[in-house]
Amino acid sequence: MRKSLIVPVIAGAFIAVGLYFSFAPTGSKAGENTPKVGQPAPDFALPVSADQKIQLADFKGRWLVLYFYPKDMTAGCTIEARRFQKDMDQFKALNAAVVGVSADDIGSHNLFSKQEGLTFPLASDVGGKTARAYDSWYGVNDYGAAMRNTYLIDPQGRIAKVFTGVNPEGHSSEVLATIRQLKTTANR
């Protein structure tokens with residue numbers, strides 16, 4: 001490599017590292033703005049296709065697993081989506097819906113859904129307005145990504161459980177177990 005190319009390459013590497021750390025999440029702990037268990041879930045209206053939006057009211061009377069994830073077609077996000085899809089019959093048996101939310105656009109979601117055979121909706125939150133309402137956004141203003149957090153919303157529209165910094169590998173099973181536990185506790 002010529003000397004004249006070394007400086008720009010090194011400078012580019014420092015810029016990339018700086019950008020990563022400026023957008024990186026500050027941790028996986030819930031912040032003070034995180035919706036708390038028992039509070040009404042923040043309302044949302046998000047596109048899932050060119051002509052269809054979903055909103056919180058659409059899930060009244062059912063459990064809602066609202067999971068935020070950083071990026072379509074990446075390793076951890078693919079694992080998490082596959083696990084939710086694999087367990088979809090169990091979620092349906094518990095009267096629970098699953099919705100994935102990221103800042104990717106509808107075209108990316110459609111490709112990801114088709115590629116992975118997903119039957120649950122992926123909602124587009126470009127700019128992160130909904131992710132911010134759920135304290136699940138990292139980045140600067142509209143530039144960033146959703147953090148890997150999940151909100152379990154009860155049939156009355158209240159936050160039932162908050163999962164932060166989740167492990168994509170076993171998270172679907174963890175959410176199923178939580179719904180079962182909460183339903184058992186409520187029936188006592």
# chains A, B, ... in the order shown; residues from 1 in each chain; ligands from 1

call {"tool": "select_by_dssp", "arguments": {"residues": "chain A", "states": "strand (DSSP E)", "output": "ChimeraX atom specification"}}
result
/A:45-49,52-55,63-68,96-102,122-124,137-140,143-146,150-153,159-163

call {"tool": "residues_around", "arguments": {"residues": "Asp104 in chain A", "least_positions_apart": "6", "cutoff": "8 Å", "atoms": "only C-alpha atoms", "output": "PyMOL selection string"}}
result
chain A and resi 71-72+124-126

call {"tool": "closest_residue", "arguments": {"among": "A:Val98, A:Ala146, A:Ala41, A:Leu56", "to": "Val175 in chain A", "atoms": "only C-alpha atoms"}}
result
A:Val98

call {"tool": "closest_atom_pairs", "arguments": {"of": "range 103-172 of chain A", "to": "range 46-52 of chain A", "cutoff": "9 Å", "atoms": "only C-alpha atoms", "output": "Markdown table"}}
result
| residue | atom | partner | partner_atom | distance |
| --- | --- | --- | --- | --- |
| A:Ile106 | CA | A:Ser49 | CA | 6.0 |
| A:Gly107 | CA | A:Ser49 | CA | 8.3 |
| A:His109 | CA | A:Val48 | CA | 8.1 |
| A:Asn110 | CA | A:Ser49 | CA | 7.9 |
| A:Pro121 | CA | A:Val48 | CA | 6.3 |
| A:Leu122 | CA | A:Val48 | CA | 5.9 |
| A:Ala123 | CA | A:Val48 | CA | 4.7 |
| A:Ser124 | CA | A:Pro47 | CA | 5.7 |
| A:Asp125 | CA | A:Leu46 | CA | 6.5 |
| A:Thr130 | CA | A:Leu46 | CA | 8.2 |

call {"tool": "write_last_selection", "arguments": {"atoms": "N, CA and C atoms", "output": "mmCIF file, in the first residue's frame"}}
result
data_model
loop_
_atom_site.group_PDB
_atom_site.id
_atom_site.type_symbol
_atom_site.label_atom_id
_atom_site.label_comp_id
_atom_site.auth_asym_id
_atom_site.auth_seq_id
_atom_site.Cartn_x
_atom_site.Cartn_y
_atom_site.Cartn_z
ATOM 1 N N ILE A 106 -40.099 -1.042 5.185
ATOM 2 C CA ILE A 106 -41.029 -2.125 4.855
ATOM 3 C C ILE A 106 -40.429 -3.095 3.842
ATOM 4 N N GLY A 107 -39.688 -2.573 2.863
ATOM 5 C CA GLY A 107 -39.063 -3.439 1.861
ATOM 6 C C GLY A 107 -38.101 -4.433 2.496
ATOM 7 N N HIS A 109 -38.202 -5.438 5.638
ATOM 8 C CA HIS A 109 -39.021 -6.374 6.424
ATOM 9 C C HIS A 109 -39.659 -7.438 5.537
ATOM 10 N N ASN A 110 -40.174 -7.016 4.389
ATOM 11 C CA ASN A 110 -40.803 -7.983 3.482
ATOM 12 C C ASN A 110 -39.808 -9.040 3.019
ATOM 13 N N PRO A 121 -46.149 -10.195 12.036
ATOM 14 C CA PRO A 121 -45.764 -8.937 11.396
ATOM 15 C C PRO A 121 -44.455 -8.356 11.924
ATOM 16 N N LEU A 122 -43.740 -7.731 11.010
ATOM 17 C CA LEU A 122 -42.581 -6.914 11.350
ATOM 18 C C LEU A 122 -42.975 -5.476 11.044
ATOM 19 N N ALA A 123 -42.928 -4.637 12.054
ATOM 20 C CA ALA A 123 -43.359 -3.247 11.912
ATOM 21 C C ALA A 123 -42.155 -2.342 11.687
ATOM 22 N N SER A 124 -42.338 -1.378 10.796
ATOM 23 C CA SER A 124 -41.271 -0.457 10.427
ATOM 24 C C SER A 124 -41.348 0.796 11.305
ATOM 25 N N ASP A 125 -40.270 1.048 12.031
ATOM 26 C CA ASP A 125 -40.179 2.207 12.926
ATOM 27 C C ASP A 125 -39.002 3.075 12.498
ATOM 28 N N THR A 130 -41.366 4.967 17.989
ATOM 29 C CA THR A 130 -41.949 3.981 18.897
ATOM 30 C C THR A 130 -40.878 3.374 19.793
#

call {"tool": "atom_distance", "arguments": {"atom1": "CA of Thr34 in chain A", "atom2": "CA of Asp135 in chain A"}}
result
5.0 Å

call {"tool": "atom_distance", "arguments": {"atom1": "CA of Arg148 in chain A", "atom2": "CA of Tyr69 in chain A"}}
result
4.6 Å
